[in-house]
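Asks: What follows is run_35.cif, mmCIF, C-alpha atoms and all ligand atoms.
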```cif
data_data
#
loop_
_atom_site.group_PDB
_atom_site.id
_atom_site.type_symbol
_atom_site.label_atom_id
_atom_site.label_comp_id
_atom_site.auth_asym_id
_atom_site.auth_seq_id
_atom_site.Cartn_x
_atom_site.Cartn_y
_atom_site.Cartn_z
ATOM 1 C CA MET A 1 61.644 372.767 104.449
ATOM 2 C CA GLU A 2 62.943 369.832 102.348
ATOM 3 C CA LYS A 3 66.139 371.742 101.604
ATOM 4 C CA LEU A 4 66.753 372.515 105.277
ATOM 5 C CA GLU A 5 68.331 369.170 106.163
ATOM 6 C CA SER A 6 70.709 369.329 103.196
ATOM 7 C CA LEU A 7 72.103 372.638 104.510
ATOM 8 C CA ILE A 8 73.264 370.994 107.750
ATOM 9 C CA GLU A 9 76.815 369.713 107.400
ATOM 10 C CA THR A 10 78.213 366.939 109.627
ATOM 11 C CA TYR A 11 81.807 367.202 110.862
ATOM 12 C CA TYR A 12 83.129 364.048 112.489
ATOM 13 C CA ASP A 13 85.397 364.172 115.553
ATOM 14 C CA PHE A 14 84.728 367.884 116.151
ATOM 15 C CA PRO A 15 85.236 369.502 118.656
ATOM 16 C CA LYS A 16 86.301 366.177 120.252
ATOM 17 C CA LYS A 17 86.871 362.623 119.013
ATOM 18 C CA GLY A 18 83.606 360.685 118.777
ATOM 19 C CA ILE A 19 81.352 363.717 118.264
ATOM 20 C CA ALA A 20 79.446 364.119 114.986
ATOM 21 C CA PHE A 21 79.095 367.899 114.955
ATOM 22 C CA LYS A 22 76.067 369.270 113.107
ATOM 23 C CA ASP A 23 76.957 372.625 111.591
ATOM 24 C CA ILE A 24 73.788 374.681 111.092
ATOM 25 C CA LEU A 25 75.538 377.749 109.620
ATOM 26 C CA GLY A 26 74.602 376.693 106.065
ATOM 27 C CA ILE A 27 71.000 377.596 106.937
ATOM 28 C CA ILE A 28 71.777 381.281 107.423
ATOM 29 C CA ARG A 29 73.672 381.353 104.127
ATOM 30 C CA ASP A 30 70.352 380.530 102.420
ATOM 31 C CA PRO A 31 67.992 383.419 103.241
ATOM 32 C CA GLU A 32 64.915 381.753 101.713
ATOM 33 C CA VAL A 33 65.292 378.611 103.804
ATOM 34 C CA PHE A 34 66.247 380.648 106.879
ATOM 35 C CA ARG A 35 63.156 382.828 106.420
ATOM 36 C CA GLU A 36 60.852 379.815 106.014
ATOM 37 C CA LEU A 37 62.399 378.204 109.104
ATOM 38 C CA ILE A 38 61.910 381.340 111.206
ATOM 39 C CA PHE A 39 58.259 381.628 110.100
ATOM 40 C CA LYS A 40 57.741 378.001 111.112
ATOM 41 C CA MET A 41 59.465 378.307 114.493
ATOM 42 C CA SER A 42 57.767 381.641 115.320
ATOM 43 C CA SER A 43 54.297 380.222 114.769
ATOM 44 C CA ASN A 44 54.926 377.180 116.998
ATOM 45 C CA HIS A 45 52.704 376.863 120.084
ATOM 46 C CA VAL A 46 55.759 376.903 122.361
ATOM 47 C CA ILE A 47 56.559 380.452 121.211
ATOM 48 C CA LYS A 48 52.917 381.521 121.191
ATOM 49 C CA ASN A 49 52.373 380.278 124.771
ATOM 50 C CA SER A 50 55.304 382.248 126.199
ATOM 51 C CA GLU A 51 55.672 385.837 127.331
ATOM 52 C CA ALA A 52 59.369 385.985 126.406
ATOM 53 C CA ILE A 53 62.082 383.978 124.646
ATOM 54 C CA ILE A 54 65.325 382.775 126.183
ATOM 55 C CA SER A 55 68.066 382.174 123.626
ATOM 56 C CA ILE A 56 71.129 380.129 124.469
ATOM 57 C CA GLU A 57 74.651 381.294 123.559
ATOM 58 C CA ALA A 58 75.843 381.264 120.871
ATOM 59 C CA ARG A 59 74.008 379.680 117.946
ATOM 60 C CA GLY A 60 70.710 379.942 119.809
ATOM 61 C CA PHE A 61 71.044 383.728 119.461
ATOM 62 C CA ILE A 62 70.836 383.467 115.662
ATOM 63 C CA PHE A 63 67.440 381.778 115.729
ATOM 64 C CA GLY A 64 66.139 383.349 118.947
ATOM 65 C CA SER A 65 66.608 386.923 117.813
ATOM 66 C CA ALA A 66 64.925 386.296 114.451
ATOM 67 C CA ILE A 67 61.992 384.566 116.212
ATOM 68 C CA SER A 68 61.772 387.388 118.748
ATOM 69 C CA PHE A 69 61.601 389.923 115.905
ATOM 70 C CA LEU A 70 58.911 388.046 113.980
ATOM 71 C CA ALA A 71 56.793 386.904 116.935
ATOM 72 C CA CYS A 72 57.193 390.313 118.601
ATOM 73 C CA LYS A 73 58.287 388.762 121.908
ATOM 74 C CA PRO A 74 61.062 390.048 124.188
ATOM 75 C CA MET A 75 64.341 388.091 124.027
ATOM 76 C CA ILE A 76 66.536 387.311 127.010
ATOM 77 C CA VAL A 77 69.949 385.663 126.719
ATOM 78 C CA ALA A 78 71.430 382.723 128.625
ATOM 79 C CA ARG A 79 75.204 383.182 128.387
ATOM 80 C CA LYS A 80 78.400 381.287 129.116
ATOM 81 C CA PRO A 81 80.678 382.266 132.050
ATOM 82 C CA ALA A 82 82.037 385.819 132.450
ATOM 83 C CA LYS A 83 79.980 387.346 129.629
ATOM 84 C CA LEU A 84 77.137 389.134 131.411
ATOM 85 C CA PRO A 85 77.317 392.160 133.726
ATOM 86 C CA GLY A 86 75.092 392.802 136.739
ATOM 87 C CA ASP A 87 73.266 390.593 139.185
ATOM 88 C CA LEU A 88 73.099 387.046 137.736
ATOM 89 C CA ILE A 89 71.615 383.638 138.416
ATOM 90 C CA GLN A 90 73.850 380.765 137.368
ATOM 91 C CA GLU A 91 73.584 376.978 136.937
ATOM 92 C CA ASN A 92 76.118 374.333 135.862
ATOM 93 C CA TYR A 93 75.513 371.636 133.238
ATOM 94 C CA ASN A 94 77.152 368.758 131.380
ATOM 95 C CA LEU A 95 77.484 369.006 127.618
ATOM 96 C CA GLU A 96 77.817 366.211 125.040
ATOM 97 C CA TYR A 97 81.441 367.342 124.850
ATOM 98 C CA GLY A 98 82.265 369.007 128.169
ATOM 99 C CA LYS A 99 81.022 370.981 131.178
ATOM 100 C CA SER A 100 79.993 374.602 131.508
ATOM 101 C CA SER A 101 77.571 376.991 133.168
ATOM 102 C CA LEU A 102 74.921 379.423 131.985
ATOM 103 C CA SER A 103 73.852 382.721 133.498
ATOM 104 C CA ILE A 104 70.894 385.048 133.080
ATOM 105 C CA GLN A 105 70.539 388.625 134.335
ATOM 106 C CA LYS A 106 68.036 388.637 137.215
ATOM 107 C CA GLU A 107 66.647 391.949 136.035
ATOM 108 C CA ALA A 108 65.776 390.462 132.618
ATOM 109 C CA LEU A 109 63.392 387.877 134.108
ATOM 110 C CA LYS A 110 61.489 390.195 136.421
ATOM 111 C CA ARG A 111 58.666 391.339 134.142
ATOM 112 C CA PHE A 112 57.710 387.897 132.750
ATOM 113 C CA LYS A 113 56.173 384.665 134.046
ATOM 114 C CA SER A 114 56.588 382.150 131.181
ATOM 115 C CA PHE A 115 59.486 381.551 128.823
ATOM 116 C CA ALA A 116 60.184 379.625 125.600
ATOM 117 C CA ILE A 117 63.756 378.320 125.324
ATOM 118 C CA VAL A 118 65.351 378.537 121.862
ATOM 119 C CA ASP A 119 68.549 376.778 120.773
ATOM 120 C CA ASP A 120 70.056 375.497 117.540
ATOM 121 C CA LEU A 121 70.301 371.848 118.567
ATOM 122 C CA LEU A 122 68.998 369.460 121.232
ATOM 123 C CA ALA A 123 71.539 366.702 121.995
ATOM 124 C CA THR A 124 71.622 365.247 125.543
ATOM 125 C CA GLY A 125 69.256 367.953 126.840
ATOM 126 C CA GLY A 126 71.746 369.151 129.482
ATOM 127 C CA THR A 127 71.884 372.714 128.152
ATOM 128 C CA ILE A 128 68.134 373.275 127.928
ATOM 129 C CA ASN A 129 67.679 371.526 131.297
ATOM 130 C CA CYS A 130 70.183 374.010 132.773
ATOM 131 C CA VAL A 131 68.035 376.924 131.545
ATOM 132 C CA GLU A 132 64.941 375.213 132.948
ATOM 133 C CA ARG A 133 66.631 375.011 136.368
ATOM 134 C CA LEU A 134 67.578 378.692 136.130
ATOM 135 C CA ILE A 135 63.983 379.644 135.377
ATOM 136 C CA ASN A 136 62.492 377.413 138.062
ATOM 137 C CA LYS A 137 64.986 378.746 140.616
ATOM 138 C CA SER A 138 63.582 382.211 139.855
ATOM 139 C CA GLY A 139 60.031 380.992 140.530
ATOM 140 C CA LYS A 140 59.062 381.233 136.837
ATOM 141 C CA LYS A 141 57.760 378.751 134.258
ATOM 142 C CA VAL A 142 59.143 377.282 131.012
ATOM 143 C CA SER A 143 56.329 376.998 128.457
ATOM 144 C CA GLY A 144 58.470 374.761 126.229
ATOM 145 C CA SER A 145 61.597 374.591 124.107
ATOM 146 C CA ILE A 146 62.217 374.702 120.390
ATOM 147 C CA SER A 147 65.373 373.695 118.517
ATOM 148 C CA VAL A 148 66.194 373.537 114.826
ATOM 149 C CA VAL A 149 67.764 370.067 115.121
ATOM 150 C CA GLU A 150 67.169 367.191 117.561
ATOM 151 C CA LEU A 151 69.578 364.256 117.812
ATOM 152 C CA ILE A 152 66.928 361.707 118.732
ATOM 153 C CA SER A 153 69.292 358.860 119.666
ATOM 154 C CA LEU A 154 70.534 360.927 122.653
ATOM 155 C CA LYS A 155 66.996 361.114 124.112
ATOM 156 C CA GLY A 156 67.509 364.681 125.378
ATOM 157 C CA ARG A 157 63.755 365.291 125.521
ATOM 158 C CA ASN A 158 63.458 362.718 128.348
ATOM 159 C CA LYS A 159 65.309 365.177 130.617
ATOM 160 C CA LEU A 160 62.791 367.939 129.952
ATOM 161 C CA ASP A 161 59.531 368.450 131.734
ATOM 162 C CA PHE A 162 57.620 370.594 129.209
ATOM 163 C CA PRO A 163 56.647 370.499 125.490
ATOM 164 C CA VAL A 164 59.789 369.907 123.419
ATOM 165 C CA GLU A 165 59.682 370.929 119.759
ATOM 166 C CA SER A 166 62.248 370.496 116.994
ATOM 167 C CA ILE A 167 62.087 371.083 113.258
ATOM 168 C CA ILE A 168 64.486 368.344 112.067
ATOM 169 C CA LYS A 169 64.912 365.035 113.868
ATOM 170 C CA ILE A 170 68.127 363.217 112.973
HETATM 171 P P1 LIG B 201 73.031 369.189 124.912
HETATM 172 O O1 LIG B 201 73.147 369.969 126.174
HETATM 173 O O2 LIG B 201 73.789 367.912 124.961
HETATM 174 O O3 LIG B 201 71.592 369.020 124.488
HETATM 175 O O4 LIG B 201 73.768 370.040 123.790
HETATM 176 C C1 LIG B 201 73.147 371.090 123.138
HETATM 177 C C2 LIG B 201 74.058 372.265 122.943
HETATM 178 O O5 LIG B 201 75.375 371.869 122.575
HETATM 179 C C3 LIG B 201 73.559 373.161 121.836
HETATM 180 O O6 LIG B 201 73.761 374.492 122.235
HETATM 181 C C4 LIG B 201 74.402 372.789 120.636
HETATM 182 O O7 LIG B 201 74.805 373.951 119.945
HETATM 183 C C5 LIG B 201 75.613 372.067 121.189
HETATM 184 N N1 LIG B 201 75.795 370.707 120.632
HETATM 185 C C6 LIG B 201 75.787 369.549 121.336
HETATM 186 N N2 LIG B 201 76.019 368.499 120.554
HETATM 187 C C7 LIG B 201 76.172 368.994 119.311
HETATM 188 C C8 LIG B 201 76.395 368.397 118.033
HETATM 189 N N3 LIG B 201 76.533 367.067 117.894
HETATM 190 N N4 LIG B 201 76.460 369.208 116.952
HETATM 191 C C9 LIG B 201 76.325 370.552 117.091
HETATM 192 N N5 LIG B 201 76.100 371.171 118.251
HETATM 193 C C10 LIG B 201 76.033 370.411 119.360
#
```
Would you give me this structure, written as structure tokens?
Replies:
Amino acid sequence: MEKLESLIETYYDFPKKGIAFKDILGIIRDPEVFRELIFKMSSNHVIKNSEAIISIEARGFIFGSAISFLACKPMIVARKPAKLPGDLIQENYNLEYGKSSLSIQKEALKRFKSFAIVDDLLATGGTINCVERLINKSGKKVSGSISVVELISLKGRNKLDFPVESIIKI
């Protein structure tokens, strides 16, 4: 896990001036580190205590699908506007660098009661909070969230009302 942090590259003023963008793609170019990370995330109590995983578009899909495979848990996707077909539930949110909305297929939630949210990075917490509101609106429960990186100075975890896990705190 020591090598993990060195694989995360910082790009300043991307995608907007003032943002220090943490690029996690170096992790998936190192299969040994990626594998170790997925083993660690999959065995976390947040994953164990959930019936299904919700991965957030787009980089959350990379980690969520690998965790889903290893932990043998169903994966559901939370996607950006105009990406999903069918009957959807939708919520808006503010991002560190903009505004957007996330949607989930209603059908996908039906069979499960508790969900673990997976994303690449926790910044202000707006994105994960949006998924929490989607889940609560459906009468279901979030068992917790897990991210690869947490930007601690932004205090995103204060917005979240469940166990919040992250592998690297920067
Ligand atoms: P937030 O809603 O502020 O917690 O932002 C988290 C989401 O936005 C994640 O899906 C990240 O991929 C992305 N994100 C926000 N800030 C950054 C950043 N500084 N570097 C990389 N990704 C970011």
Asks: Hey, which of A:Pro81, A:Gly98, A:Pro163, A:Gly125 ends up closest to A:Lys16? Count all atoms listed in the file.
Replies: A:Gly98
Asks: Near A:Ser103, counting all atoms listed in the file, which residues have an atom at most 12 Å away, once you skip same-chain residues fewer than 3 positions from it, shown as a ChimeraX atom specification?
Replies: /A:54-57,76-93,100,106-109,127,130-135
Asks: Could you save the residues just selected, with C-alpha atoms, as a PDB file, in the coordinates of the input?
Replies:
```
ATOM      1  CA  ILE A  54      65.325 382.775 126.183  1.00  0.00           C
ATOM      2  CA  SER A  55      68.066 382.174 123.626  1.00  0.00           C
ATOM      3  CA  ILE A  56      71.129 380.129 124.469  1.00  0.00           C
ATOM      4  CA  GLU A  57      74.651 381.294 123.559  1.00  0.00           C
ATOM      5  CA  ILE A  76      66.536 387.311 127.010  1.00  0.00           C
ATOM      6  CA  VAL A  77      69.949 385.663 126.719  1.00  0.00           C
ATOM      7  CA  ALA A  78      71.430 382.723 128.625  1.00  0.00           C
ATOM      8  CA  ARG A  79      75.204 383.182 128.387  1.00  0.00           C
ATOM      9  CA  LYS A  80      78.400 381.287 129.116  1.00  0.00           C
ATOM     10  CA  PRO A  81      80.678 382.266 132.050  1.00  0.00           C
ATOM     11  CA  ALA A  82      82.037 385.819 132.450  1.00  0.00           C
ATOM     12  CA  LYS A  83      79.980 387.346 129.629  1.00  0.00           C
ATOM     13  CA  LEU A  84      77.137 389.134 131.411  1.00  0.00           C
ATOM     14  CA  PRO A  85      77.317 392.160 133.726  1.00  0.00           C
ATOM     15  CA  GLY A  86      75.092 392.802 136.739  1.00  0.00           C
ATOM     16  CA  ASP A  87      73.266 390.593 139.185  1.00  0.00           C
ATOM     17  CA  LEU A  88      73.099 387.046 137.736  1.00  0.00           C
ATOM     18  CA  ILE A  89      71.615 383.638 138.416  1.00  0.00           C
ATOM     19  CA  GLN A  90      73.850 380.765 137.368  1.00  0.00           C
ATOM     20  CA  GLU A  91      73.584 376.978 136.937  1.00  0.00           C
ATOM     21  CA  ASN A  92      76.118 374.333 135.862  1.00  0.00           C
ATOM     22  CA  TYR A  93      75.513 371.636 133.238  1.00  0.00           C
ATOM     23  CA  SER A 100      79.993 374.602 131.508  1.00  0.00           C
ATOM     24  CA  LYS A 106      68.036 388.637 137.215  1.00  0.00           C
ATOM     25  CA  GLU A 107      66.647 391.949 136.035  1.00  0.00           C
ATOM     26  CA  ALA A 108      65.776 390.462 132.618  1.00  0.00           C
ATOM     27  CA  LEU A 109      63.392 387.877 134.108  1.00  0.00           C
ATOM     28  CA  THR A 127      71.884 372.714 128.152  1.00  0.00           C
ATOM     29  CA  CYS A 130      70.183 374.010 132.773  1.00  0.00           C
ATOM     30  CA  VAL A 131      68.035 376.924 131.545  1.00  0.00           C
ATOM     31  CA  GLU A 132      64.941 375.213 132.948  1.00  0.00           C
ATOM     32  CA  ARG A 133      66.631 375.011 136.368  1.00  0.00           C
ATOM     33  CA  LEU A 134      67.578 378.692 136.130  1.00  0.00           C
ATOM     34  CA  ILE A 135      63.983 379.644 135.377  1.00  0.00           C
TER      35      ILE A 135
END
```
Asks: Counting all atoms listed in the file, which residues in chain A sit no more than 6 Å from ligand LIG 201 (chain B)? For each one, give the nearest pair of atoms and the distance in Å, sorted by chain then residue number, as a tab-separated table.
Replies:
```
residue	atom	partner	partner_atom	distance
A:Ile19	CA	B:LIG201	N3	5.9
A:Ala20	CA	B:LIG201	N3	5.1
A:Phe21	CA	B:LIG201	N4	3.6
A:Lys22	CA	B:LIG201	N4	3.9
A:Asp23	CA	B:LIG201	C9	5.9
A:Leu95	CA	B:LIG201	O1	4.7
A:Glu96	CA	B:LIG201	O2	4.4
A:Asp119	CA	B:LIG201	O6	5.9
A:Asp120	CA	B:LIG201	O7	5.5
A:Leu121	CA	B:LIG201	C4	4.7
A:Leu122	CA	B:LIG201	O3	4.2
A:Ala123	CA	B:LIG201	O3	3.4
A:Thr124	CA	B:LIG201	O2	3.5
A:Gly125	CA	B:LIG201	O3	3.5
A:Gly126	CA	B:LIG201	O1	3.7
A:Thr127	CA	B:LIG201	O1	3.6
```
Asks: Might you spell out which residues the PyMOL selection byres (((chain A and resi 138-151) around 8) and not hetatm) would select in the displayed file, as a PyMOL selection string?
Replies: chain A and resi 41+46-47+49-50+112-123+128+132+134-137+152-156+162-170
Asks: Record the distance separating atom CA of A:Phe14 and atom CA of A:Lys40, expressed in Å with one decimal.
Replies: 29.3 Å
Asks: So how far away is atom CA of A:Ile67 from atom CA of A:His45, in Å?
Replies: 12.7 Å
Asks: Can you tell me how far atom CA of A:Phe63 sits from atom CA of A:Arg35, in Å to one decimal?
Replies: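 According to the coordinates, atom CA of A:Phe63 and atom CA of A:Arg35 are separated by 10.3 Å.
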Asks: For the provided coordinates, the residues matched by the PyMOL selection byres (((chain A and resi 70) around 12) and not hetatm) should be stated as an NGL selection string.
Replies: :A and (35-44 or 47-48 or 53 or 63-69 or 71-75)
Asks: Taking only all heavy atoms, show stretch 100-113 of chain A of the given structure as an mmCIF file, in the first residue's frame.
Replies:
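Ended up saving to part_3.cif:
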```cif
data_model
loop_
_atom_site.group_PDB
_atom_site.id
_atom_site.type_symbol
_atom_site.label_atom_id
_atom_site.label_comp_id
_atom_site.auth_asym_id
_atom_site.auth_seq_id
_atom_site.Cartn_x
_atom_site.Cartn_y
_atom_site.Cartn_z
ATOM 1 N N SER A 100 -24.268 18.901 -11.083
ATOM 2 C CA SER A 100 -24.730 17.824 -11.957
ATOM 3 C C SER A 100 -25.889 17.096 -11.288
ATOM 4 O O SER A 100 -26.416 17.556 -10.273
ATOM 5 C CB SER A 100 -23.591 16.862 -12.260
ATOM 6 O OG SER A 100 -23.968 15.996 -13.320
ATOM 7 N N SER A 101 -26.255 15.951 -11.855
ATOM 8 C CA SER A 101 -27.252 15.103 -11.204
ATOM 9 C C SER A 101 -26.861 13.650 -11.420
ATOM 10 O O SER A 101 -26.084 13.330 -12.334
ATOM 11 C CB SER A 101 -28.651 15.381 -11.767
ATOM 12 O OG SER A 101 -28.762 14.839 -13.050
ATOM 13 N N LEU A 102 -27.376 12.791 -10.555
ATOM 14 C CA LEU A 102 -27.123 11.354 -10.688
ATOM 15 C C LEU A 102 -28.458 10.625 -10.718
ATOM 16 O O LEU A 102 -29.411 11.051 -10.052
ATOM 17 C CB LEU A 102 -26.284 10.843 -9.511
ATOM 18 C CG LEU A 102 -24.803 11.232 -9.506
ATOM 19 C CD1 LEU A 102 -24.159 10.838 -8.185
ATOM 20 C CD2 LEU A 102 -24.039 10.589 -10.672
ATOM 21 N N SER A 103 -28.483 9.546 -11.475
ATOM 22 C CA SER A 103 -29.698 8.727 -11.569
ATOM 23 C C SER A 103 -29.369 7.267 -11.341
ATOM 24 O O SER A 103 -28.267 6.805 -11.655
ATOM 25 C CB SER A 103 -30.308 8.836 -12.967
ATOM 26 O OG SER A 103 -30.620 10.157 -13.269
ATOM 27 N N ILE A 104 -30.378 6.553 -10.818
ATOM 28 C CA ILE A 104 -30.280 5.102 -10.640
ATOM 29 C C ILE A 104 -31.564 4.491 -11.202
ATOM 30 O O ILE A 104 -32.643 5.100 -11.096
ATOM 31 C CB ILE A 104 -30.127 4.737 -9.137
ATOM 32 C CG1 ILE A 104 -28.825 5.314 -8.573
ATOM 33 C CG2 ILE A 104 -30.161 3.219 -8.925
ATOM 34 C CD1 ILE A 104 -28.597 5.036 -7.090
ATOM 35 N N GLN A 105 -31.450 3.310 -11.800
ATOM 36 C CA GLN A 105 -32.649 2.618 -12.289
ATOM 37 C C GLN A 105 -33.437 2.085 -11.097
ATOM 38 O O GLN A 105 -32.884 1.365 -10.260
ATOM 39 C CB GLN A 105 -32.253 1.454 -13.206
ATOM 40 C CG GLN A 105 -31.723 1.939 -14.546
ATOM 41 C CD GLN A 105 -31.133 0.809 -15.372
ATOM 42 O OE1 GLN A 105 -30.403 -0.015 -14.844
ATOM 43 N NE2 GLN A 105 -31.454 0.784 -16.645
ATOM 44 N N LYS A 106 -34.716 2.422 -11.029
ATOM 45 C CA LYS A 106 -35.557 1.978 -9.904
ATOM 46 C C LYS A 106 -35.525 0.464 -9.761
ATOM 47 O O LYS A 106 -35.439 -0.074 -8.650
ATOM 48 C CB LYS A 106 -37.005 2.444 -10.122
ATOM 49 C CG LYS A 106 -37.220 3.910 -9.803
ATOM 50 C CD LYS A 106 -38.693 4.278 -9.888
ATOM 51 C CE LYS A 106 -38.865 5.765 -9.623
ATOM 52 N NZ LYS A 106 -40.174 6.243 -10.054
ATOM 53 N N GLU A 107 -35.583 -0.195 -10.883
ATOM 54 C CA GLU A 107 -35.622 -1.665 -10.910
ATOM 55 C C GLU A 107 -34.390 -2.270 -10.197
ATOM 56 O O GLU A 107 -34.493 -3.290 -9.517
ATOM 57 C CB GLU A 107 -35.655 -2.109 -12.387
ATOM 58 C CG GLU A 107 -35.809 -3.596 -12.620
ATOM 59 C CD GLU A 107 -37.129 -4.145 -12.076
ATOM 60 O OE1 GLU A 107 -38.126 -3.413 -12.057
ATOM 61 O OE2 GLU A 107 -37.121 -5.323 -11.637
ATOM 62 N N ALA A 108 -33.245 -1.587 -10.346
ATOM 63 C CA ALA A 108 -31.983 -2.118 -9.813
ATOM 64 C C ALA A 108 -31.972 -2.158 -8.281
ATOM 65 O O ALA A 108 -31.253 -2.964 -7.678
ATOM 66 C CB ALA A 108 -30.826 -1.264 -10.317
ATOM 67 N N LEU A 109 -32.761 -1.274 -7.657
ATOM 68 C CA LEU A 109 -32.732 -1.183 -6.187
ATOM 69 C C LEU A 109 -33.695 -2.162 -5.514
ATOM 70 O O LEU A 109 -33.532 -2.481 -4.336
ATOM 71 C CB LEU A 109 -33.096 0.237 -5.732
ATOM 72 C CG LEU A 109 -32.171 1.369 -6.185
ATOM 73 C CD1 LEU A 109 -32.732 2.700 -5.697
ATOM 74 C CD2 LEU A 109 -30.758 1.172 -5.646
ATOM 75 N N LYS A 110 -34.667 -2.612 -6.284
ATOM 76 C CA LYS A 110 -35.807 -3.343 -5.716
ATOM 77 C C LYS A 110 -35.453 -4.495 -4.782
ATOM 78 O O LYS A 110 -36.050 -4.648 -3.723
ATOM 79 C CB LYS A 110 -36.687 -3.883 -6.852
ATOM 80 C CG LYS A 110 -37.771 -2.907 -7.272
ATOM 81 C CD LYS A 110 -38.732 -3.557 -8.240
ATOM 82 C CE LYS A 110 -39.705 -2.498 -8.752
ATOM 83 N NZ LYS A 110 -40.291 -2.912 -10.025
ATOM 84 N N ARG A 111 -34.485 -5.316 -5.182
ATOM 85 C CA ARG A 111 -34.241 -6.572 -4.454
ATOM 86 C C ARG A 111 -33.399 -6.400 -3.192
ATOM 87 O O ARG A 111 -33.205 -7.335 -2.436
ATOM 88 C CB ARG A 111 -33.534 -7.574 -5.380
ATOM 89 C CG ARG A 111 -34.453 -8.157 -6.433
ATOM 90 C CD ARG A 111 -33.807 -9.316 -7.142
ATOM 91 N NE ARG A 111 -32.660 -8.895 -7.944
ATOM 92 C CZ ARG A 111 -31.458 -9.455 -7.880
ATOM 93 N NH1 ARG A 111 -31.205 -10.434 -7.045
ATOM 94 N NH2 ARG A 111 -30.478 -9.020 -8.661
ATOM 95 N N PHE A 112 -32.849 -5.184 -2.959
ATOM 96 C CA PHE A 112 -31.886 -5.016 -1.860
ATOM 97 C C PHE A 112 -32.350 -3.963 -0.856
ATOM 98 O O PHE A 112 -33.092 -3.058 -1.200
ATOM 99 C CB PHE A 112 -30.517 -4.621 -2.423
ATOM 100 C CG PHE A 112 -30.107 -5.466 -3.580
ATOM 101 C CD1 PHE A 112 -30.098 -4.962 -4.877
ATOM 102 C CD2 PHE A 112 -29.760 -6.797 -3.387
ATOM 103 C CE1 PHE A 112 -29.753 -5.751 -5.957
ATOM 104 C CE2 PHE A 112 -29.402 -7.598 -4.460
ATOM 105 C CZ PHE A 112 -29.404 -7.074 -5.753
ATOM 106 N N LYS A 113 -31.808 -4.116 0.387
ATOM 107 C CA LYS A 113 -32.178 -3.153 1.445
ATOM 108 C C LYS A 113 -31.028 -2.218 1.790
ATOM 109 O O LYS A 113 -31.231 -1.067 2.131
ATOM 110 C CB LYS A 113 -32.596 -3.916 2.707
ATOM 111 C CG LYS A 113 -33.938 -4.629 2.594
ATOM 112 C CD LYS A 113 -34.440 -4.998 3.974
ATOM 113 C CE LYS A 113 -34.788 -6.427 4.250
ATOM 114 N NZ LYS A 113 -34.232 -7.563 3.634
#
```
